[in-house]
Amino acid sequence: MVLETISRIIKVQLPAYLKKLPLPETIGGFARLTVSEWLRLLPLLGILALLGYLTIRPFLPKKKKQRDSLINLKIQKENPKVVNEIDIEDLNSANVCYCRCWRSKTFPVCDKSHIKHNELTGDNVGPLILKKKIL
Ligand code: FES
């Protein structure tokens with residue numbers, strides 16, 4: 001019964017519907033269509049637009065997933081919170097750079113991975129530089 005109905009729609013009603021549509025034979029003919037003729041074309045144009053979109057959708061760039069909003073992508077993910085403590089007395093060199101982009105392979109110390117991150121994302125993050133005054 002269902003297949004019979006579908007078959008009738010495809011073989012009888014669809015061709016009859018398409019035959020009644022005011023399809024112009026030239027591109028310029030679209031400009032001469034009346035408003036009521038355009039309204040009669042709308043369902044077909046909508047279906048064609050939907051089919052076109054569904055066809056090209058797999059090739060469109062994917063939206064960034066929610067995961068992209070994470071700041072920390074891989075550092076100490078087993079911990080509920082990443083905390084680093086450094087005693088001020090242990091700062092021996094004049095300048096120490098600490099990572100603020102969370103991409104450093106030597107976290108919490110900056111390894112300049114922020115440069116690549118900024119190039120890829122357009123971000124502008126950089127390290128926290130602690131300077132020690134040498135008296
Ligand atoms: S590597 Fe992260 S701020 Fe430099």
# chains A, B, ... in the order shown; residues from 1 in each chain; ligands from 1

call {"tool": "closest_atom_pairs", "arguments": {"of": "range 24-119 of chain A", "to": "range 4-18 of chain A", "cutoff": "12 Å", "atoms": "only C-alpha atoms", "output": "CSV"}}
result
residue,atom,partner,partner_atom,distance
A:Arg40,CA,A:Tyr17,CA,10.1
A:Leu41,CA,A:Leu18,CA,9.5
A:Pro43,CA,A:Tyr17,CA,10.9
A:Leu44,CA,A:Leu18,CA,8.7
A:Leu45,CA,A:Leu18,CA,11.8

call {"tool": "residues_near_ligand", "arguments": {"ligand": "ligand 1", "cutoff": "10 Å", "atoms": "only C-alpha atoms and all ligand atoms", "output": "JSON, numbers by chain"}}
result
{"A": [97, 98, 99, 100, 101, 102, 103, 104, 105, 106, 107, 108, 109, 110, 111, 112, 113, 114, 115, 116, 117, 118, 124, 125, 126, 127, 128, 129]}

call {"tool": "atom_distance", "arguments": {"atom1": "CA of Phe59 in chain A", "atom2": "CA of Gly46 in chain A"}}
result
20.6 Å

call {"tool": "atom_distance", "arguments": {"atom1": "CA of Pro24 in chain A", "atom2": "CA of Leu48 in chain A"}}
result
16.3 Å

call {"tool": "select_by_dssp", "arguments": {"residues": "chain A", "states": "strand (DSSP E)", "output": "list in words"}}
result
Asn95, Val96, Cys97, Tyr98, Leu128, Ile129, Leu130 and Lys131 of chain A

call {"tool": "write_last_selection", "arguments": {"atoms": "N, CA and C atoms", "output": "compact mmCIF listing (two decimals), in the first residue's frame"}}
result
# COMPACT_ATOMS: atom_id res chain seq x y z
N ASN A 95 66.16 35.67 33.74
CA ASN A 95 64.83 35.63 33.14
C ASN A 95 64.32 34.20 33.11
N VAL A 96 63.07 34.02 33.56
CA VAL A 96 62.42 32.72 33.46
C VAL A 96 61.08 32.95 32.77
N CYS A 97 60.82 32.15 31.74
CA CYS A 97 59.57 32.30 30.97
C CYS A 97 58.63 31.14 31.28
N TYR A 98 57.43 31.48 31.71
CA TYR A 98 56.43 30.47 32.01
C TYR A 98 55.33 30.50 30.95
N LEU A 128 54.69 34.30 30.45
CA LEU A 128 54.90 35.18 31.59
C LEU A 128 56.40 35.17 31.85
N ILE A 129 57.03 36.33 31.77
CA ILE A 129 58.48 36.41 31.95
C ILE A 129 58.76 37.00 33.32
N LEU A 130 59.42 36.22 34.13
CA LEU A 130 59.83 36.73 35.44
C LEU A 130 61.28 37.22 35.31
N LYS A 131 61.49 38.48 35.64
CA LYS A 131 62.84 39.06 35.53
C LYS A 131 63.40 39.27 36.94

call {"tool": "atom_distance", "arguments": {"atom1": "CA of Leu42 in chain A", "atom2": "CA of Gly29 in chain A"}}
result
15.8 Å

call {"tool": "select_by_dssp", "arguments": {"residues": "range 30-103 of chain A", "states": "helix (DSSP H, G or I)", "output": "PyMOL selection string"}}
result
chain A and resi 30-31+35-59+66-69+88-90

call {"tool": "residues_around", "arguments": {"residues": "Glu37 in chain A", "least_positions_apart": "6", "cutoff": "10 Å", "atoms": "only C-alpha atoms", "output": "MDAnalysis selection string"}}
result
chainID A and resid 21:23 30

call {"tool": "write_last_selection", "arguments": {"atoms": "N, CA and C atoms", "output": "compact mmCIF listing (two decimals), in the first residue's frame"}}
result
# COMPACT_ATOMS: atom_id res chain seq x y z
N LEU A 21 4.61 23.41 -13.98
CA LEU A 21 5.46 24.50 -13.49
C LEU A 21 5.82 25.47 -14.61
N PRO A 22 5.85 26.76 -14.31
CA PRO A 22 6.17 27.77 -15.32
C PRO A 22 7.68 27.90 -15.51
N LEU A 23 8.34 26.83 -15.92
CA LEU A 23 9.79 26.87 -16.11
C LEU A 23 10.12 27.56 -17.43
N PHE A 30 13.51 33.79 -16.64
CA PHE A 30 13.26 33.91 -15.20
C PHE A 30 12.92 35.35 -14.83

call {"tool": "decode", "arguments": {"residues": "range 81-128 of chain A", "atoms": "N, CA and C atoms", "output": "PDB file, in the first residue's frame"}}
result
ATOM      1  N   LYS A  81      42.958  19.372  38.365  1.00  0.00           N
ATOM      2  CA  LYS A  81      43.398  20.756  38.224  1.00  0.00           C
ATOM      3  C   LYS A  81      44.924  20.763  38.123  1.00  0.00           C
ATOM      4  N   VAL A  82      45.446  21.512  37.188  1.00  0.00           N
ATOM      5  CA  VAL A  82      46.898  21.596  37.018  1.00  0.00           C
ATOM      6  C   VAL A  82      47.403  22.770  37.840  1.00  0.00           C
ATOM      7  N   VAL A  83      48.243  22.458  38.796  1.00  0.00           N
ATOM      8  CA  VAL A  83      48.826  23.498  39.651  1.00  0.00           C
ATOM      9  C   VAL A  83      50.329  23.282  39.675  1.00  0.00           C
ATOM     10  N   ASN A  84      51.077  24.349  39.463  1.00  0.00           N
ATOM     11  CA  ASN A  84      52.537  24.265  39.536  1.00  0.00           C
ATOM     12  C   ASN A  84      53.013  25.257  40.587  1.00  0.00           C
ATOM     13  N   GLU A  85      53.910  24.786  41.432  1.00  0.00           N
ATOM     14  CA  GLU A  85      54.488  25.671  42.444  1.00  0.00           C
ATOM     15  C   GLU A  85      55.977  25.800  42.204  1.00  0.00           C
ATOM     16  N   ILE A  86      56.452  27.001  42.276  1.00  0.00           N
ATOM     17  CA  ILE A  86      57.881  27.250  42.105  1.00  0.00           C
ATOM     18  C   ILE A  86      58.303  28.227  43.196  1.00  0.00           C
ATOM     19  N   ASP A  87      59.277  27.848  43.959  1.00  0.00           N
ATOM     20  CA  ASP A  87      59.764  28.742  45.018  1.00  0.00           C
ATOM     21  C   ASP A  87      60.570  29.874  44.408  1.00  0.00           C
ATOM     22  N   ILE A  88      60.294  31.052  44.850  1.00  0.00           N
ATOM     23  CA  ILE A  88      61.012  32.222  44.334  1.00  0.00           C
ATOM     24  C   ILE A  88      62.512  32.079  44.565  1.00  0.00           C
ATOM     25  N   GLU A  89      62.854  31.462  45.639  1.00  0.00           N
ATOM     26  CA  GLU A  89      64.276  31.296  45.938  1.00  0.00           C
ATOM     27  C   GLU A  89      64.973  30.414  44.899  1.00  0.00           C
ATOM     28  N   ASP A  90      64.191  29.581  44.205  1.00  0.00           N
ATOM     29  CA  ASP A  90      64.789  28.680  43.205  1.00  0.00           C
ATOM     30  C   ASP A  90      64.994  29.358  41.852  1.00  0.00           C
ATOM     31  N   LEU A  91      64.533  30.578  41.707  1.00  0.00           N
ATOM     32  CA  LEU A  91      64.736  31.294  40.444  1.00  0.00           C
ATOM     33  C   LEU A  91      66.170  31.797  40.400  1.00  0.00           C
ATOM     34  N   ASN A  92      66.994  31.069  39.700  1.00  0.00           N
ATOM     35  CA  ASN A  92      68.410  31.396  39.702  1.00  0.00           C
ATOM     36  C   ASN A  92      68.812  32.279  38.529  1.00  0.00           C
ATOM     37  N   SER A  93      68.232  32.042  37.349  1.00  0.00           N
ATOM     38  CA  SER A  93      68.652  32.820  36.185  1.00  0.00           C
ATOM     39  C   SER A  93      67.933  34.175  36.176  1.00  0.00           C
ATOM     40  N   ALA A  94      68.431  35.089  35.370  1.00  0.00           N
ATOM     41  CA  ALA A  94      67.898  36.452  35.336  1.00  0.00           C
ATOM     42  C   ALA A  94      66.470  36.477  34.788  1.00  0.00           C
ATOM     43  N   ASN A  95      66.165  35.674  33.745  1.00  0.00           N
ATOM     44  CA  ASN A  95      64.830  35.634  33.143  1.00  0.00           C
ATOM     45  C   ASN A  95      64.316  34.200  33.115  1.00  0.00           C
ATOM     46  N   VAL A  96      63.074  34.019  33.562  1.00  0.00           N
ATOM     47  CA  VAL A  96      62.423  32.716  33.458  1.00  0.00           C
ATOM     48  C   VAL A  96      61.082  32.946  32.769  1.00  0.00           C
ATOM     49  N   CYS A  97      60.820  32.146  31.736  1.00  0.00           N
ATOM     50  CA  CYS A  97      59.574  32.295  30.966  1.00  0.00           C
ATOM     51  C   CYS A  97      58.631  31.140  31.284  1.00  0.00           C
ATOM     52  N   TYR A  98      57.433  31.477  31.710  1.00  0.00           N
ATOM     53  CA  TYR A  98      56.427  30.467  32.007  1.00  0.00           C
ATOM     54  C   TYR A  98      55.325  30.502  30.951  1.00  0.00           C
ATOM     55  N   CYS A  99      54.925  29.312  30.587  1.00  0.00           N
ATOM     56  CA  CYS A  99      53.941  29.158  29.512  1.00  0.00           C
ATOM     57  C   CYS A  99      52.555  29.610  29.962  1.00  0.00           C
ATOM     58  N   ARG A 100      51.910  30.363  29.092  1.00  0.00           N
ATOM     59  CA  ARG A 100      50.510  30.743  29.329  1.00  0.00           C
ATOM     60  C   ARG A 100      49.603  30.261  28.198  1.00  0.00           C
ATOM     61  N   CYS A 101      50.198  29.588  27.189  1.00  0.00           N
ATOM     62  CA  CYS A 101      49.371  29.108  26.075  1.00  0.00           C
ATOM     63  C   CYS A 101      48.971  27.650  26.240  1.00  0.00           C
ATOM     64  N   TRP A 102      49.576  26.973  27.161  1.00  0.00           N
ATOM     65  CA  TRP A 102      49.294  25.563  27.455  1.00  0.00           C
ATOM     66  C   TRP A 102      49.689  24.646  26.313  1.00  0.00           C
ATOM     67  N   ARG A 103      50.611  25.042  25.472  1.00  0.00           N
ATOM     68  CA  ARG A 103      51.055  24.187  24.374  1.00  0.00           C
ATOM     69  C   ARG A 103      52.506  23.753  24.545  1.00  0.00           C
ATOM     70  N   SER A 104      53.174  24.241  25.585  1.00  0.00           N
ATOM     71  CA  SER A 104      54.587  23.944  25.790  1.00  0.00           C
ATOM     72  C   SER A 104      54.804  22.466  26.105  1.00  0.00           C
ATOM     73  N   LYS A 105      55.826  21.895  25.495  1.00  0.00           N
ATOM     74  CA  LYS A 105      56.193  20.511  25.802  1.00  0.00           C
ATOM     75  C   LYS A 105      57.007  20.444  27.081  1.00  0.00           C
ATOM     76  N   THR A 106      57.413  21.576  27.612  1.00  0.00           N
ATOM     77  CA  THR A 106      58.158  21.617  28.874  1.00  0.00           C
ATOM     78  C   THR A 106      57.346  22.364  29.936  1.00  0.00           C
ATOM     79  N   PHE A 107      56.020  22.311  29.821  1.00  0.00           N
ATOM     80  CA  PHE A 107      55.144  23.029  30.746  1.00  0.00           C
ATOM     81  C   PHE A 107      55.549  22.772  32.195  1.00  0.00           C
ATOM     82  N   PRO A 108      55.618  23.742  33.056  1.00  0.00           N
ATOM     83  CA  PRO A 108      55.119  25.103  32.923  1.00  0.00           C
ATOM     84  C   PRO A 108      56.107  26.094  32.303  1.00  0.00           C
ATOM     85  N   VAL A 109      57.262  25.607  31.871  1.00  0.00           N
ATOM     86  CA  VAL A 109      58.241  26.507  31.272  1.00  0.00           C
ATOM     87  C   VAL A 109      57.940  26.663  29.778  1.00  0.00           C
ATOM     88  N   CYS A 110      58.004  27.867  29.282  1.00  0.00           N
ATOM     89  CA  CYS A 110      57.744  28.161  27.865  1.00  0.00           C
ATOM     90  C   CYS A 110      58.823  27.547  26.984  1.00  0.00           C
ATOM     91  N   ASP A 111      58.405  26.869  25.924  1.00  0.00           N
ATOM     92  CA  ASP A 111      59.368  26.362  24.928  1.00  0.00           C
ATOM     93  C   ASP A 111      59.126  27.021  23.566  1.00  0.00           C
ATOM     94  N   LYS A 112      58.445  28.131  23.571  1.00  0.00           N
ATOM     95  CA  LYS A 112      58.125  28.932  22.374  1.00  0.00           C
ATOM     96  C   LYS A 112      57.060  28.272  21.477  1.00  0.00           C
ATOM     97  N   SER A 113      56.377  27.263  21.997  1.00  0.00           N
ATOM     98  CA  SER A 113      55.283  26.666  21.221  1.00  0.00           C
ATOM     99  C   SER A 113      54.172  27.678  20.961  1.00  0.00           C
ATOM    100  N   HIS A 114      54.119  28.743  21.745  1.00  0.00           N
ATOM    101  CA  HIS A 114      53.077  29.766  21.545  1.00  0.00           C
ATOM    102  C   HIS A 114      53.204  30.417  20.166  1.00  0.00           C
ATOM    103  N   ILE A 115      54.414  30.437  19.608  1.00  0.00           N
ATOM    104  CA  ILE A 115      54.608  31.055  18.289  1.00  0.00           C
ATOM    105  C   ILE A 115      53.801  30.286  17.238  1.00  0.00           C
ATOM    106  N   LYS A 116      53.935  28.961  17.238  1.00  0.00           N
ATOM    107  CA  LYS A 116      53.193  28.128  16.273  1.00  0.00           C
ATOM    108  C   LYS A 116      51.688  28.208  16.545  1.00  0.00           C
ATOM    109  N   HIS A 117      51.332  28.175  17.831  1.00  0.00           N
ATOM    110  CA  HIS A 117      49.914  28.277  18.205  1.00  0.00           C
ATOM    111  C   HIS A 117      49.325  29.586  17.680  1.00  0.00           C
ATOM    112  N   ASN A 118      50.042  30.681  17.867  1.00  0.00           N
ATOM    113  CA  ASN A 118      49.539  31.987  17.403  1.00  0.00           C
ATOM    114  C   ASN A 118      49.417  32.036  15.882  1.00  0.00           C
ATOM    115  N   GLU A 119      50.388  31.426  15.184  1.00  0.00           N
ATOM    116  CA  GLU A 119      50.321  31.404  13.714  1.00  0.00           C
ATOM    117  C   GLU A 119      49.116  30.608  13.232  1.00  0.00           C
ATOM    118  N   LEU A 120      48.846  29.474  13.885  1.00  0.00           N
ATOM    119  CA  LEU A 120      47.750  28.598  13.453  1.00  0.00           C
ATOM    120  C   LEU A 120      46.378  29.166  13.783  1.00  0.00           C
ATOM    121  N   THR A 121      46.277  29.849  14.913  1.00  0.00           N
ATOM    122  CA  THR A 121      44.959  30.259  15.392  1.00  0.00           C
ATOM    123  C   THR A 121      44.684  31.743  15.278  1.00  0.00           C
ATOM    124  N   GLY A 122      45.721  32.546  15.072  1.00  0.00           N
ATOM    125  CA  GLY A 122      45.521  33.989  15.080  1.00  0.00           C
ATOM    126  C   GLY A 122      45.463  34.540  16.493  1.00  0.00           C
ATOM    127  N   ASP A 123      45.764  33.694  17.463  1.00  0.00           N
ATOM    128  CA  ASP A 123      45.781  34.118  18.862  1.00  0.00           C
ATOM    129  C   ASP A 123      46.999  35.006  19.114  1.00  0.00           C
ATOM    130  N   ASN A 124      47.074  35.564  20.303  1.00  0.00           N
ATOM    131  CA  ASN A 124      48.220  36.442  20.597  1.00  0.00           C
ATOM    132  C   ASN A 124      48.812  36.176  21.970  1.00  0.00           C
ATOM    133  N   VAL A 125      48.792  34.915  22.375  1.00  0.00           N
ATOM    134  CA  VAL A 125      49.289  34.597  23.710  1.00  0.00           C
ATOM    135  C   VAL A 125      50.806  34.528  23.728  1.00  0.00           C
ATOM    136  N   GLY A 126      51.361  34.759  24.881  1.00  0.00           N
ATOM    137  CA  GLY A 126      52.809  34.690  25.075  1.00  0.00           C
ATOM    138  C   GLY A 126      53.112  34.317  26.507  1.00  0.00           C
ATOM    139  N   PRO A 127      54.377  34.161  26.815  1.00  0.00           N
ATOM    140  CA  PRO A 127      54.755  33.671  28.135  1.00  0.00           C
ATOM    141  C   PRO A 127      54.685  34.757  29.210  1.00  0.00           C
ATOM    142  N   LEU A 128      54.690  34.299  30.448  1.00  0.00           N
ATOM    143  CA  LEU A 128      54.902  35.184  31.593  1.00  0.00           C
ATOM    144  C   LEU A 128      56.402  35.169  31.846  1.00  0.00           C
TER     145      LEU A 128
END
